[in-house]
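Undergrad: Following this line is input_17.cif, made up of mmCIF, C-alpha atoms:
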data_data
loop_
_atom_site.label_atom_id
_atom_site.label_comp_id
_atom_site.auth_asym_id
_atom_site.auth_seq_id
_atom_site.Cartn_x
_atom_site.Cartn_y
_atom_site.Cartn_z
CA MET A 1 30.88 -17.85 102.39
CA VAL A 2 31.86 -15.89 99.31
CA SER A 3 31.80 -12.13 99.81
CA GLN A 4 30.62 -9.72 97.13
CA THR A 5 33.22 -9.28 94.45
CA PRO A 6 34.91 -5.92 93.90
CA LEU A 7 34.32 -6.27 90.14
CA GLN A 8 31.16 -7.72 88.62
CA GLU A 9 31.60 -6.60 85.03
CA LEU A 10 34.27 -5.21 82.71
CA ARG A 11 33.49 -3.26 79.54
CA LEU A 12 35.85 -2.47 76.65
CA ARG A 13 35.42 -0.43 73.47
CA ASP A 14 38.01 0.30 70.76
CA PHE A 15 40.62 -1.16 73.10
CA ARG A 16 43.31 -3.24 71.37
CA CYS A 17 41.54 -6.06 69.50
CA PHE A 18 38.09 -5.17 70.90
CA ARG A 19 36.36 -2.79 68.47
CA GLU A 20 32.71 -3.21 69.37
CA GLN A 21 31.87 -2.78 73.03
CA GLN A 22 32.45 -6.02 74.87
CA THR A 23 30.81 -6.67 78.24
CA ALA A 24 32.26 -9.51 80.30
CA ARG A 25 30.76 -10.96 83.47
CA LEU A 26 33.25 -11.24 86.32
CA ALA A 27 32.88 -13.45 89.37
CA PRO A 28 34.93 -14.37 92.45
CA LEU A 29 36.79 -16.73 90.11
CA THR A 30 37.02 -15.81 86.42
CA LEU A 31 38.95 -17.93 83.91
CA LEU A 32 40.05 -16.43 80.59
CA VAL A 33 40.34 -19.02 77.82
CA GLY A 34 40.92 -18.91 74.08
CA GLU A 35 43.62 -19.06 71.45
CA ASN A 36 46.84 -17.08 71.61
CA SER A 37 46.66 -13.40 70.62
CA THR A 38 42.95 -13.04 71.32
CA GLY A 39 43.26 -10.28 73.92
CA LYS A 40 43.33 -12.19 77.21
CA THR A 41 46.42 -10.39 78.53
CA SER A 42 45.03 -7.08 77.25
CA PHE A 43 41.88 -7.82 79.25
CA LEU A 44 43.95 -8.24 82.43
CA ALA A 45 45.78 -5.00 81.68
CA ALA A 46 42.45 -3.21 81.24
CA ALA A 47 41.21 -4.50 84.61
CA ARG A 48 44.29 -3.16 86.36
CA ALA A 49 44.12 0.15 84.48
CA ILE A 50 40.50 0.91 85.41
CA LEU A 51 41.20 0.04 89.05
CA GLU A 52 44.05 2.55 89.01
CA VAL A 53 41.64 5.18 87.72
CA ALA A 54 39.21 4.27 90.52
CA THR A 55 41.81 4.40 93.29
CA CYS A 56 44.16 7.16 92.07
CA HIS A 57 41.96 9.35 89.83
CA TRP A 58 44.61 9.82 87.17
CA ALA A 59 45.58 8.10 83.94
CA PRO A 60 47.24 4.72 84.56
CA ASP A 61 50.60 3.68 83.18
CA PHE A 62 49.82 1.27 80.36
CA ARG A 63 53.50 0.33 80.13
CA SER A 64 54.19 -0.80 83.70
CA ALA A 65 55.11 -4.44 84.27
CA PRO A 66 53.87 -7.02 83.58
CA TYR A 67 51.80 -5.29 80.87
CA ASP A 68 53.53 -3.10 78.30
CA LEU A 69 50.78 -2.08 75.88
CA GLY A 70 52.78 0.69 74.23
CA SER A 71 51.54 4.12 73.19
CA PHE A 72 48.01 5.31 72.45
CA TYR A 73 48.46 4.16 68.84
CA GLU A 74 49.26 0.60 69.98
CA ILE A 75 46.27 0.50 72.32
CA VAL A 76 43.44 2.05 70.34
CA HIS A 77 41.73 -0.32 67.90
CA HIS A 78 42.61 -0.07 64.20
CA GLN A 79 40.25 -1.05 61.42
CA ARG A 80 43.07 -2.21 59.15
CA SER A 81 46.18 -4.10 60.14
CA GLY A 82 49.25 -1.86 60.21
CA SER A 83 47.20 1.33 59.88
CA ARG A 84 47.43 4.24 62.34
CA LEU A 85 44.03 5.50 61.28
CA GLY A 86 42.16 4.03 64.19
CA ALA A 87 39.52 5.30 66.58
CA GLU A 88 40.01 8.66 68.27
CA SER A 89 39.54 7.21 71.75
CA PHE A 90 39.07 4.00 73.68
CA SER A 91 37.11 3.29 76.85
CA ILE A 92 37.31 0.93 79.80
CA GLY A 93 34.55 0.55 82.36
CA PHE A 94 33.56 -1.62 85.27
CA GLN A 95 30.63 -2.34 87.53
CA CYS A 96 30.97 -3.46 91.13
CA ALA A 97 28.82 -4.10 94.15
CA GLY A 98 27.90 -0.88 95.91
CA PHE A 99 25.90 0.05 98.97
CA ASP A 100 22.16 -0.05 99.64
CA SER A 101 21.84 -2.76 96.96
CA GLU A 102 22.98 -0.27 94.30
CA SER A 103 25.78 -1.10 91.90
CA ILE A 104 28.53 1.39 91.14
CA ALA A 105 29.71 1.88 87.55
CA LEU A 106 32.82 3.68 86.34
CA GLU A 107 33.52 4.53 82.69
CA ALA A 108 36.85 6.07 81.61
CA THR A 109 37.54 7.34 78.10
CA PHE A 110 41.14 7.79 76.97
CA THR A 111 42.38 10.08 74.21
CA LEU A 112 45.76 10.88 72.65
CA GLY A 113 47.93 12.72 75.14
CA GLU A 114 51.38 14.23 75.32
CA GLY A 115 54.14 12.00 74.00
CA ALA A 116 51.53 9.68 72.40
CA ALA A 117 50.57 8.39 75.84
CA PRO A 118 46.88 7.77 76.61
CA GLU A 119 45.32 10.45 78.80
CA LEU A 120 41.99 10.58 80.60
CA GLY A 121 39.52 12.55 78.52
CA ARG A 122 36.36 11.73 80.46
CA VAL A 123 35.48 9.92 83.68
CA GLU A 124 31.95 9.10 84.80
CA TRP A 125 30.76 7.48 88.03
CA ARG A 126 27.17 6.29 88.29
CA SER A 127 25.14 4.65 91.03
CA GLY A 128 21.39 4.43 90.68
CA ASP A 129 20.11 7.96 90.02
CA VAL A 130 23.35 9.67 91.03
CA TRP A 131 26.21 10.47 88.65
CA ILE A 132 29.43 12.45 88.59
CA ARG A 133 31.09 13.28 85.28
CA GLU A 134 34.42 14.92 84.57
CA VAL A 135 35.60 16.12 81.16
CA ARG A 136 39.30 16.88 80.97
CA ASN A 137 40.79 18.76 78.06
CA VAL A 138 42.10 22.24 77.36
CA GLN A 139 39.08 23.34 75.34
CA ASP A 140 36.35 22.03 77.66
CA SER A 141 37.28 21.23 81.24
CA ARG A 142 34.23 20.72 83.44
CA THR A 143 32.67 18.63 86.17
CA GLU A 144 28.97 17.81 86.23
CA LEU A 145 26.90 16.39 89.06
CA GLY A 146 23.48 14.87 88.75
CA CYS A 147 20.74 12.96 90.53
CA THR A 148 16.98 12.59 90.35
CA SER A 149 16.40 16.10 91.73
CA GLY A 150 18.59 17.97 89.26
CA SER A 151 22.00 18.26 87.68
CA TRP A 152 24.65 20.94 87.96
CA ARG A 153 27.95 21.94 86.45
CA LEU A 154 30.87 22.82 88.69
CA ALA A 155 32.91 25.66 87.23
CA THR A 156 36.63 24.90 86.85
CA SER A 157 39.45 26.84 85.28
CA ILE A 158 39.72 26.22 81.53
CA GLY A 159 42.95 24.39 80.82
CA ALA A 160 43.50 23.47 84.46
CA PRO A 161 41.29 20.47 85.23
CA GLU A 162 43.54 19.62 88.18
CA GLN A 163 41.69 22.38 90.08
CA SER A 164 38.51 20.34 90.10
CA VAL A 165 37.29 19.35 93.56
CA PHE A 166 37.59 15.73 92.49
CA HIS A 167 41.38 15.80 92.73
CA GLY A 168 43.56 15.75 95.79
CA ALA A 169 43.14 14.35 99.27
CA GLU A 170 40.09 12.49 100.53
CA ALA A 171 39.23 15.59 102.55
CA LEU A 172 37.83 16.99 99.30
CA ALA A 173 35.20 14.26 99.13
CA MET A 174 31.94 15.49 97.66
CA GLU A 175 29.90 14.95 100.81
CA HIS A 176 32.04 17.32 102.85
CA VAL A 177 32.61 19.84 100.07
CA LEU A 178 28.96 20.23 99.10
CA LEU A 179 27.54 20.07 102.61
CA ALA A 180 29.96 22.71 103.85
CA ALA A 181 29.30 24.86 100.79
CA ALA A 182 25.53 24.57 101.17
CA GLU A 183 25.64 25.49 104.87
CA ASN A 184 27.75 28.58 104.19
CA GLY A 185 25.99 29.73 101.02
CA LEU A 186 29.06 29.12 98.89
CA LEU A 187 27.48 27.37 95.91
CA ASP A 188 28.06 30.19 93.46
CA GLU A 189 30.34 27.98 91.39
CA LEU A 190 27.53 25.50 90.70
CA HIS A 191 25.47 26.21 87.58
CA PRO A 192 22.49 24.23 86.25
CA VAL A 193 23.15 22.03 83.27
CA GLN A 194 21.06 23.02 80.26
CA GLY A 195 17.47 21.91 80.73
CA ASP A 196 17.52 21.93 84.54
CA THR A 197 15.88 24.65 86.59
CA ARG A 198 17.34 23.92 90.03
CA VAL A 199 20.68 25.30 91.11
CA VAL A 200 21.18 24.57 94.81
CA PRO A 201 21.47 20.88 95.80
CA THR A 202 19.61 19.64 98.85
CA ALA A 203 21.33 18.02 101.81
CA ARG A 204 20.15 14.64 100.51
CA ASP A 205 21.75 15.34 97.13
CA CYS A 206 25.02 16.21 98.82
CA LYS A 207 25.00 13.01 100.85
CA GLU A 208 24.29 10.95 97.74
CA PHE A 209 27.18 12.58 95.86
CA GLY A 210 29.49 12.02 98.81
CA LYS A 211 28.43 8.41 99.17
CA LEU A 212 29.10 7.71 95.50
CA TYR A 213 32.40 9.52 95.28
CA PHE A 214 33.85 9.12 98.77
CA GLU A 215 32.82 5.51 99.41
CA GLY A 216 32.70 4.36 95.80
CA GLY A 217 35.46 6.41 94.27
CA TYR A 218 38.27 5.73 96.68
CA PHE A 219 38.46 1.98 96.33
CA ARG A 220 40.56 0.09 98.84
CA SER A 221 40.91 -2.91 96.54
CA ARG A 222 44.46 -3.66 95.47
CA ALA A 223 45.44 -5.87 92.56
CA PHE A 224 48.45 -8.15 92.27
CA ALA A 225 49.39 -8.75 88.64
CA ALA A 226 51.65 -11.74 88.02
CA ALA A 227 53.86 -12.20 84.97
CA PRO A 228 53.43 -15.38 82.88
CA VAL A 229 56.99 -16.52 83.68
CA ARG A 230 58.33 -15.94 87.17
CA SER A 231 61.98 -15.31 88.08
CA SER A 232 64.59 -18.07 87.98
CA PRO A 233 65.66 -19.55 91.34
CA LEU A 234 69.00 -18.61 92.90
CA ARG A 235 71.23 -20.75 95.07
CA THR A 236 71.62 -17.97 97.64
CA TYR A 237 69.53 -14.84 98.23
CA ASP A 238 70.17 -11.48 99.85
CA PRO A 239 67.26 -10.06 101.92
CA ILE A 240 67.12 -6.73 100.12
CA ARG A 241 63.88 -6.75 98.04
CA LEU A 242 60.53 -6.72 99.82
CA SER A 243 58.19 -4.77 97.51
CA GLN A 244 55.86 -6.87 95.38
CA HIS A 245 57.09 -7.81 91.92
CA PRO A 246 55.19 -9.40 88.98
CA GLU A 247 57.94 -11.99 88.47
CA GLY A 248 58.17 -12.92 92.14
CA LEU A 249 61.55 -11.32 92.80
CA SER A 250 60.34 -10.23 96.23
CA MET A 251 59.11 -13.69 97.27
CA PRO A 252 62.36 -15.11 98.81
CA ALA A 253 63.05 -11.97 100.88
CA PHE A 254 59.43 -11.88 102.05
CA LEU A 255 59.60 -15.50 103.24
CA ALA A 256 62.88 -14.83 105.04
CA SER A 257 61.43 -11.72 106.68
CA VAL A 258 58.33 -13.53 107.98
CA TYR A 259 60.51 -16.41 109.16
CA ALA A 260 62.78 -14.05 111.12
CA ARG A 261 60.28 -11.50 112.41
CA ASP A 262 56.81 -13.00 112.76
CA HIS A 263 56.86 -16.23 114.74
CA GLU A 264 53.06 -16.36 114.70
CA ALA A 265 52.56 -15.87 110.97
CA TRP A 266 55.41 -18.09 109.76
CA PRO A 267 53.97 -21.48 110.91
CA GLN A 268 50.62 -20.62 109.30
CA LEU A 269 52.17 -19.48 106.03
CA LYS A 270 54.52 -22.46 105.95
CA GLN A 271 51.63 -24.87 106.57
CA ARG A 272 49.49 -23.45 103.76
CA ILE A 273 52.35 -23.51 101.27
CA GLU A 274 53.20 -27.08 102.24
CA GLU A 275 49.57 -28.19 101.89
CA PHE A 276 49.61 -27.18 98.24
CA GLY A 277 53.08 -28.66 97.76
CA HIS A 278 51.87 -32.01 99.06
CA LYS A 279 48.62 -32.04 97.05
CA SER A 280 50.43 -31.07 93.87
CA GLY A 281 53.26 -33.57 94.36
CA LEU A 282 55.89 -30.82 94.10
CA PHE A 283 57.25 -30.88 97.68
CA ASP A 284 56.19 -31.64 101.24
CA GLU A 285 58.20 -29.17 103.31
CA ILE A 286 59.79 -25.76 102.75
CA PHE A 287 62.58 -24.18 104.78
CA VAL A 288 64.48 -20.91 105.11
CA LYS A 289 68.16 -21.64 105.74
CA ARG A 290 69.93 -18.60 107.13
CA PHE A 291 73.68 -17.98 107.10
CA GLY A 292 74.41 -16.26 110.40
CA ASN A 293 72.27 -14.95 113.21
CA HIS A 294 71.03 -11.72 111.60
CA GLU A 295 68.16 -11.32 109.15
CA PHE A 296 70.23 -9.07 106.87
CA GLU A 297 72.64 -11.93 106.08
CA PRO A 298 72.28 -14.22 103.02
CA PHE A 299 69.91 -17.19 103.06
CA GLN A 300 68.72 -20.12 100.97
CA LEU A 301 65.32 -21.66 100.27
CA GLU A 302 65.05 -25.42 100.54
CA VAL A 303 62.31 -28.00 99.97
CA ARG A 304 61.97 -31.66 100.88
CA ARG A 305 59.93 -34.57 99.59
CA TRP A 306 58.67 -37.40 101.78
CA GLY A 307 59.01 -41.05 100.92
CA LYS A 308 56.70 -43.81 102.11
CA LYS A 309 58.87 -44.66 105.10
CA ARG A 310 61.27 -41.76 105.55
CA LYS A 311 61.80 -38.16 104.58
CA GLY A 312 64.14 -37.20 101.78
CA ALA A 313 67.05 -34.78 101.98
CA ARG A 314 66.51 -31.03 102.03
CA ARG A 315 67.36 -29.64 98.59
CA ASN A 316 68.08 -26.14 97.41
CA LEU A 317 65.32 -24.52 95.36
CA ILE A 318 67.63 -24.34 92.35
CA ASP A 319 68.22 -28.12 92.46
CA VAL A 320 64.58 -29.18 92.10
CA GLY A 321 62.13 -28.96 89.22
CA TYR A 322 61.57 -25.51 87.72
CA GLY A 323 57.88 -25.72 88.49
CA VAL A 324 58.49 -25.16 92.22
CA SER A 325 60.10 -21.75 91.68
CA GLN A 326 57.36 -20.80 89.21
CA VAL A 327 54.41 -21.57 91.47
CA LEU A 328 55.93 -20.46 94.80
CA PRO A 329 55.47 -16.68 94.21
CA LEU A 330 51.77 -17.25 93.51
CA LEU A 331 51.34 -19.35 96.65
CA VAL A 332 53.02 -16.73 98.80
CA GLU A 333 50.94 -13.86 97.42
CA MET A 334 47.66 -15.73 97.86
CA HIS A 335 48.45 -16.80 101.42
CA ARG A 336 50.11 -13.73 102.93
CA ARG A 337 48.00 -12.05 105.60
CA ASP A 338 48.38 -8.58 104.07
CA GLY A 339 47.72 -9.88 100.56
CA ASP A 340 45.76 -8.12 97.86
CA SER A 341 42.03 -8.58 97.28
CA LEU A 342 42.31 -9.09 93.50
CA PHE A 343 44.72 -11.34 91.60
CA LEU A 344 45.41 -10.97 87.87
CA LEU A 345 47.29 -14.10 86.85
CA GLN A 346 48.81 -15.01 83.48
CA GLN A 347 49.26 -18.70 82.72
CA PRO A 348 49.96 -19.88 86.29
CA GLU A 349 50.34 -23.43 84.97
CA VAL A 350 53.70 -22.71 83.28
CA HIS A 351 56.22 -25.54 83.96
CA LEU A 352 53.72 -27.51 86.06
CA HIS A 353 52.81 -31.18 85.65
CA PRO A 354 49.08 -31.84 84.98
CA SER A 355 48.56 -32.99 88.59
CA ALA A 356 50.01 -29.71 89.87
CA GLN A 357 47.88 -27.77 87.39
CA ALA A 358 44.79 -29.50 88.75
CA ALA A 359 45.86 -28.65 92.30
CA LEU A 360 46.04 -25.01 91.22
CA GLY A 361 42.40 -25.22 90.17
CA SER A 362 41.43 -26.31 93.68
CA LEU A 363 43.59 -23.56 95.20
CA PHE A 364 41.82 -20.96 93.05
CA CYS A 365 38.44 -22.24 94.22
CA SER A 366 39.37 -22.10 97.90
CA THR A 367 40.95 -18.65 97.52
CA ALA A 368 37.86 -17.27 95.78
CA ALA A 369 35.62 -18.89 98.39
CA SER A 370 37.56 -17.06 101.12
CA GLY A 371 36.46 -13.68 99.74
CA ARG A 372 39.22 -12.73 97.31
CA GLN A 373 38.77 -12.34 93.56
CA LEU A 374 40.86 -14.01 90.87
CA ILE A 375 40.98 -13.34 87.13
CA VAL A 376 43.13 -16.06 85.58
CA GLU A 377 44.34 -16.38 82.00
CA THR A 378 44.96 -20.08 81.33
CA HIS A 379 45.48 -22.63 78.59
CA SER A 380 45.17 -25.55 81.03
CA GLU A 381 42.24 -27.89 80.64
CA TYR A 382 43.35 -29.49 83.93
CA ILE A 383 42.70 -26.25 85.84
CA ILE A 384 39.29 -25.81 84.20
CA ASP A 385 38.29 -29.43 84.82
CA ARG A 386 39.33 -29.27 88.49
CA VAL A 387 37.29 -26.09 89.00
CA ARG A 388 34.33 -27.75 87.32
CA MET A 389 34.62 -30.87 89.51
CA ASP A 390 35.14 -28.93 92.74
CA ILE A 391 31.92 -27.04 92.05
CA ARG A 392 30.08 -30.24 91.26
CA ASP A 393 31.42 -31.98 94.38
CA ARG A 394 30.93 -28.90 96.61
CA GLU A 395 34.53 -28.97 97.80
CA THR A 396 34.22 -25.29 98.86
CA ASP A 397 31.46 -22.74 99.36
CA LEU A 398 31.95 -21.64 95.74
CA LYS A 399 28.69 -21.88 93.82
CA PRO A 400 28.26 -22.19 90.02
CA GLU A 401 27.38 -18.49 89.76
CA ASP A 402 30.65 -17.65 91.55
CA VAL A 403 32.66 -18.83 88.52
CA SER A 404 32.78 -17.15 85.12
CA ILE A 405 34.43 -18.61 82.02
CA LEU A 406 35.30 -15.93 79.46
CA PHE A 407 35.94 -17.40 76.02
CA PHE A 408 37.83 -15.09 73.66
CA GLU A 409 36.96 -15.85 70.05
CA ARG A 410 38.62 -14.22 67.06
CA ALA A 411 36.28 -12.65 64.48
CA ASP A 412 38.32 -11.32 61.56
CA LEU A 413 40.34 -8.39 63.02
CA ASP A 414 38.12 -8.19 66.12
CA VAL A 415 37.65 -10.41 69.15
CA HIS A 416 34.36 -11.25 70.83
CA ILE A 417 34.11 -12.26 74.50
CA HIS A 418 31.59 -14.95 75.41
CA SER A 419 30.58 -15.15 79.08
CA LEU A 420 29.97 -18.81 79.99
CA ARG A 421 28.72 -20.46 83.17
CA PHE A 422 28.72 -23.81 84.97
CA ASP A 423 25.58 -25.51 86.23
CA GLU A 424 25.25 -27.42 89.52
CA GLN A 425 26.70 -30.54 87.88
CA GLY A 426 29.73 -28.74 86.52
CA ASN A 427 28.47 -28.68 82.93
CA LEU A 428 29.48 -25.67 80.84
CA LEU A 429 26.51 -23.63 79.64
CA ASP A 430 26.10 -21.35 76.60
CA ALA A 431 29.35 -22.44 74.95
CA PRO A 432 29.60 -21.29 71.30
CA ASP A 433 30.49 -23.73 68.52
CA GLY A 434 34.13 -22.64 68.52
CA TYR A 435 34.75 -23.48 72.18
CA GLY A 436 36.82 -26.64 72.56
CA GLN A 437 36.75 -27.31 68.82
CA PHE A 438 40.47 -28.14 68.70
CA PHE A 439 40.16 -30.79 71.41
CA MET A 440 37.15 -32.38 69.73
CA ASP A 441 38.97 -32.48 66.39
CA GLU A 442 42.04 -34.07 68.01
CA THR A 443 39.86 -36.66 69.78
CA ARG A 444 38.14 -37.61 66.53
CA ARG A 445 41.49 -37.97 64.81
CA SER A 446 42.95 -40.08 67.64
CA ILE A 447 40.09 -42.62 67.37
CA GLY A 448 40.17 -42.58 63.60
CA LEU A 449 36.97 -40.69 62.84
#
In structure tokens, what does this structure look like?

TA:
Amino acid sequence: MVSQTPLQELRLRDFRCFREQQTARLAPLTLLVGENSTGKTSFLAAARAILEVATCHWAPDFRSAPYDLGSFYEIVHHQRSGSRLGAESFSIGFQCAGFDSESIALEATFTLGEGAAPELGRVEWRSGDVWIREVRNVQDSRTELGCTSGSWRLATSIGAPEQSVFHGAEALAMEHVLLAAAENGLLDELHPVQGDTRVVPTARDCKEFGKLYFEGGYFRSRAFAAAPVRSSPLRTYDPIRLSQHPEGLSMPAFLASVYARDHEAWPQLKQRIEEFGHKSGLFDEIFVKRFGNHEFEPFQLEVRRWGKKRKGARRNLIDVGYGVSQVLPLLVEMHRRDGDSLFLLQQPEVHLHPSAQAALGSLFCSTAASGRQLIVETHSEYIIDRVRMDIRDRETDLKPEDVSILFFERADLDVHIHSLRFDEQGNLLDAPDGYGQFFMDETRRSIGL
């Protein structure tokens, strides 16, 4: 069965090409479609950025691979092309499944910081009737807490927002801080926000704050962001790079490491990779060929195709179609046992034949049905059609509501996001007039209409 998704909604305002606030529905499997330069990659970058705020509590790096969005001036929306007179801030927010049937929402506002880099100006968490708000700037640095029984301001040093209790180790989680403070009469630093009469939170209030911030704030979700073009294959590899890389540079060394060290995991990983290879028509077997008896020595990656009556020769990865080396990093990341819970993928269909693109659609459905979340930017109708048919034919536990199609449509200098759905028969619902217009026009032309 499909587990609850870490992200249910993403909101953008004055971010890149999105001037008006755009709210997009996310699902276990979300496909981003639309013309080039309509903000699909920026959307992926925004998703990773807000997750970094949620997990790390500091401003994300908007220039780290595979997304280089530039400075604050390149990110904030501009009313006129080429003008630097844009908005004074931009915001990114998300909503995710919480606890006790309550959703958790996070909204982060970014302003111009040192060196023209975006900096966090305001962060607000909200769940039901509980909220935590931080304002970070030299003139007005404060933290406010609120729930149904009152709201308070936590005094912090002006110009030193890093002294707020919301920074640092998890030991400073609100539940422990407020409960300990309440028990010892140390709430002198809490002041009522204007309009409130209460000052001292109750034990229930403290638990609610702790639940929101400790359980909701420190997300365990990790995101793997893949570049649109993965690294070129090599004839021989050295086992020296194991950390994840957007272009898949770590993939060969990871395979060699599992092959050498984990005799239980390797057969399972090999089988899953080969299942996709066979269904896609790319290859039937994959091998790690080591030179020497030690795992630190060079190695090669080989694949083999099967004929009707006999198996073909094992061939080096560099000697087969480029599509194999492009899809292999994605397969490895989605099938590794310690893999991430969220995948942000740009054009995974690059260099793949239509049959392999369709096989990717089925792989995305099965991966999402296993409990992971995928947000995929694609120009492939074959991927979309396979997802549609797998839902219709109930190939996995994925239901129509577990898939979201986000159509990015240009509107003058802005872009609007349309959230579309499939029905039980795989039909696309709520599609605007502009969706698929190019394909309809080409079809009419091909039949002479």

Undergrad: Nearest residue to Tyr67 (chain A) out of A:Glu9, A:Pro228, A:Val376, A:Thr236, using all atoms listed in the file?

TA: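 Of A:Glu9, A:Pro228, A:Val376, A:Thr236, the one nearest Tyr67 (chain A) is A:Pro228, counting all atoms listed in the file.
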
Undergrad: Considering only C-alpha atoms, return as a compact mmCIF listing (two decimals) with C-alpha atoms, keeping the file's coordinate frame whatever protein or nucleic-acid residues lie within 8 Å of region 40-49 of chain A, sequence-local ones (same chain, fewer than 2 positions apart) excluded.

TA:
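What landed in around_39.txt:
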# COMPACT_ATOMS: atom_id res chain seq x y z
CA LEU A 10 34.27 -5.21 82.71
CA ARG A 16 43.31 -3.24 71.37
CA LEU A 32 40.05 -16.43 80.59
CA VAL A 33 40.34 -19.02 77.82
CA GLY A 34 40.92 -18.91 74.08
CA SER A 37 46.66 -13.40 70.62
CA THR A 38 42.95 -13.04 71.32
CA LEU A 51 41.20 0.04 89.05
CA GLU A 52 44.05 2.55 89.01
CA VAL A 53 41.64 5.18 87.72
CA PRO A 60 47.24 4.72 84.56
CA ASP A 61 50.60 3.68 83.18
CA PHE A 62 49.82 1.27 80.36
CA TYR A 67 51.80 -5.29 80.87
CA LEU A 69 50.78 -2.08 75.88
CA ILE A 92 37.31 0.93 79.80
CA ALA A 223 45.44 -5.87 92.56
CA ALA A 225 49.39 -8.75 88.64
CA LEU A 344 45.41 -10.97 87.87
CA GLN A 346 48.81 -15.01 83.48
CA ILE A 375 40.98 -13.34 87.13
CA GLU A 377 44.34 -16.38 82.00
CA PHE A 408 37.83 -15.09 73.66

Undergrad: Can you pull out every residue within 7 Å of Ile383 (chain A), counting all atoms listed in the file, but drop anything in the same chain fewer than 6 positions away, and send it as a list in words?

TA: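 In the requested format, the answer is Gln357, Ala358, Leu360 and Gly361 of chain A.
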
Undergrad: In Å, rounded to a single decimal, give me how far CA of Arg230 (chain A) is from CA of Asp284 (chain A).

TA: 21.2 Å

Undergrad: Could you tell me how far CA of Val288 (chain A) sits from CA of Tyr259 (chain A), in Å to one decimal place?

TA: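 Going from CA of Tyr259 (chain A) over to CA of Val288 (chain A) covers 7.2 Å.
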
Undergrad: Need the shell around Pro432 (chain A): protein/DNA/RNA residues with any atom at most 12 Å away, counting all atoms listed in the file. Skip same-chain ones fewer than 6 positions apart. Format as a list in words?

TA: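 Everything that qualifies: Gly34, Leu406, Phe407, Phe408, Glu409, His416, Ile417, His418, Ser419, Leu420 and Arg421 of chain A.
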
Undergrad: If you keep C-alpha atoms, can you produce a file of those selected residues as a PDB file, in the coordinates of the input?

TA:
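Result saved to out-v8.pdb:
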ATOM      1  CA  GLY A  34      40.920 -18.910  74.080  1.00  0.00           C
ATOM      2  CA  LEU A 406      35.300 -15.930  79.460  1.00  0.00           C
ATOM      3  CA  PHE A 407      35.940 -17.400  76.020  1.00  0.00           C
ATOM      4  CA  PHE A 408      37.830 -15.090  73.660  1.00  0.00           C
ATOM      5  CA  GLU A 409      36.960 -15.850  70.050  1.00  0.00           C
ATOM      6  CA  HIS A 416      34.360 -11.250  70.830  1.00  0.00           C
ATOM      7  CA  ILE A 417      34.110 -12.260  74.500  1.00  0.00           C
ATOM      8  CA  HIS A 418      31.590 -14.950  75.410  1.00  0.00           C
ATOM      9  CA  SER A 419      30.580 -15.150  79.080  1.00  0.00           C
ATOM     10  CA  LEU A 420      29.970 -18.810  79.990  1.00  0.00           C
ATOM     11  CA  ARG A 421      28.720 -20.460  83.170  1.00  0.00           C
TER      12      ARG A 421
END

Undergrad: Would you work out the distance separating CA of Leu234 (chain A) from CA of Leu374 (chain A), expressed in Å to one decimal?

TA: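 CA of Leu374 (chain A) lies at a distance of 28.6 Å from CA of Leu234 (chain A).
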
Undergrad: Need to verify the contact set: His77 (chain A), 6 Å, only C-alpha atoms, exclusion of same-chain residues closer than 5 positions in sequence. Can you return it as number ranges by chain?

TA: A: 14-17, 19, 86

Undergrad: Could those selected residues go to a file with C-alpha atoms, as a PDB file, keeping the file's coordinate frame?

TA:
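Contents of the output file out-v1.pdb:
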ATOM      1  CA  ASP A  14      38.010   0.300  70.760  1.00  0.00           C
ATOM      2  CA  PHE A  15      40.620  -1.160  73.100  1.00  0.00           C
ATOM      3  CA  ARG A  16      43.310  -3.240  71.370  1.00  0.00           C
ATOM      4  CA  CYS A  17      41.540  -6.060  69.500  1.00  0.00           C
ATOM      5  CA  ARG A  19      36.360  -2.790  68.470  1.00  0.00           C
ATOM      6  CA  GLY A  86      42.160   4.030  64.190  1.00  0.00           C
TER       7      GLY A  86
END

Undergrad: Could you spell out the hits of the PyMOL selection byres ((chain A and resi 313) around 12) on the shown file, as a PDB file with C-alpha atoms, keeping the file's coordinate frame?

TA:
ATOM      1  CA  PHE A 283      57.250 -30.880  97.680  1.00  0.00           C
ATOM      2  CA  ASP A 284      56.190 -31.640 101.240  1.00  0.00           C
ATOM      3  CA  GLU A 285      58.200 -29.170 103.310  1.00  0.00           C
ATOM      4  CA  ILE A 286      59.790 -25.760 102.750  1.00  0.00           C
ATOM      5  CA  PHE A 287      62.580 -24.180 104.780  1.00  0.00           C
ATOM      6  CA  GLU A 302      65.050 -25.420 100.540  1.00  0.00           C
ATOM      7  CA  VAL A 303      62.310 -28.000  99.970  1.00  0.00           C
ATOM      8  CA  ARG A 304      61.970 -31.660 100.880  1.00  0.00           C
ATOM      9  CA  ARG A 305      59.930 -34.570  99.590  1.00  0.00           C
ATOM     10  CA  TRP A 306      58.670 -37.400 101.780  1.00  0.00           C
ATOM     11  CA  GLY A 307      59.010 -41.050 100.920  1.00  0.00           C
ATOM     12  CA  ARG A 310      61.270 -41.760 105.550  1.00  0.00           C
ATOM     13  CA  LYS A 311      61.800 -38.160 104.580  1.00  0.00           C
ATOM     14  CA  GLY A 312      64.140 -37.200 101.780  1.00  0.00           C
ATOM     15  CA  ARG A 314      66.510 -31.030 102.030  1.00  0.00           C
ATOM     16  CA  ARG A 315      67.360 -29.640  98.590  1.00  0.00           C
ATOM     17  CA  ASN A 316      68.080 -26.140  97.410  1.00  0.00           C
ATOM     18  CA  ASP A 319      68.220 -28.120  92.460  1.00  0.00           C
ATOM     19  CA  VAL A 320      64.580 -29.180  92.100  1.00  0.00           C
TER      20      VAL A 320
END
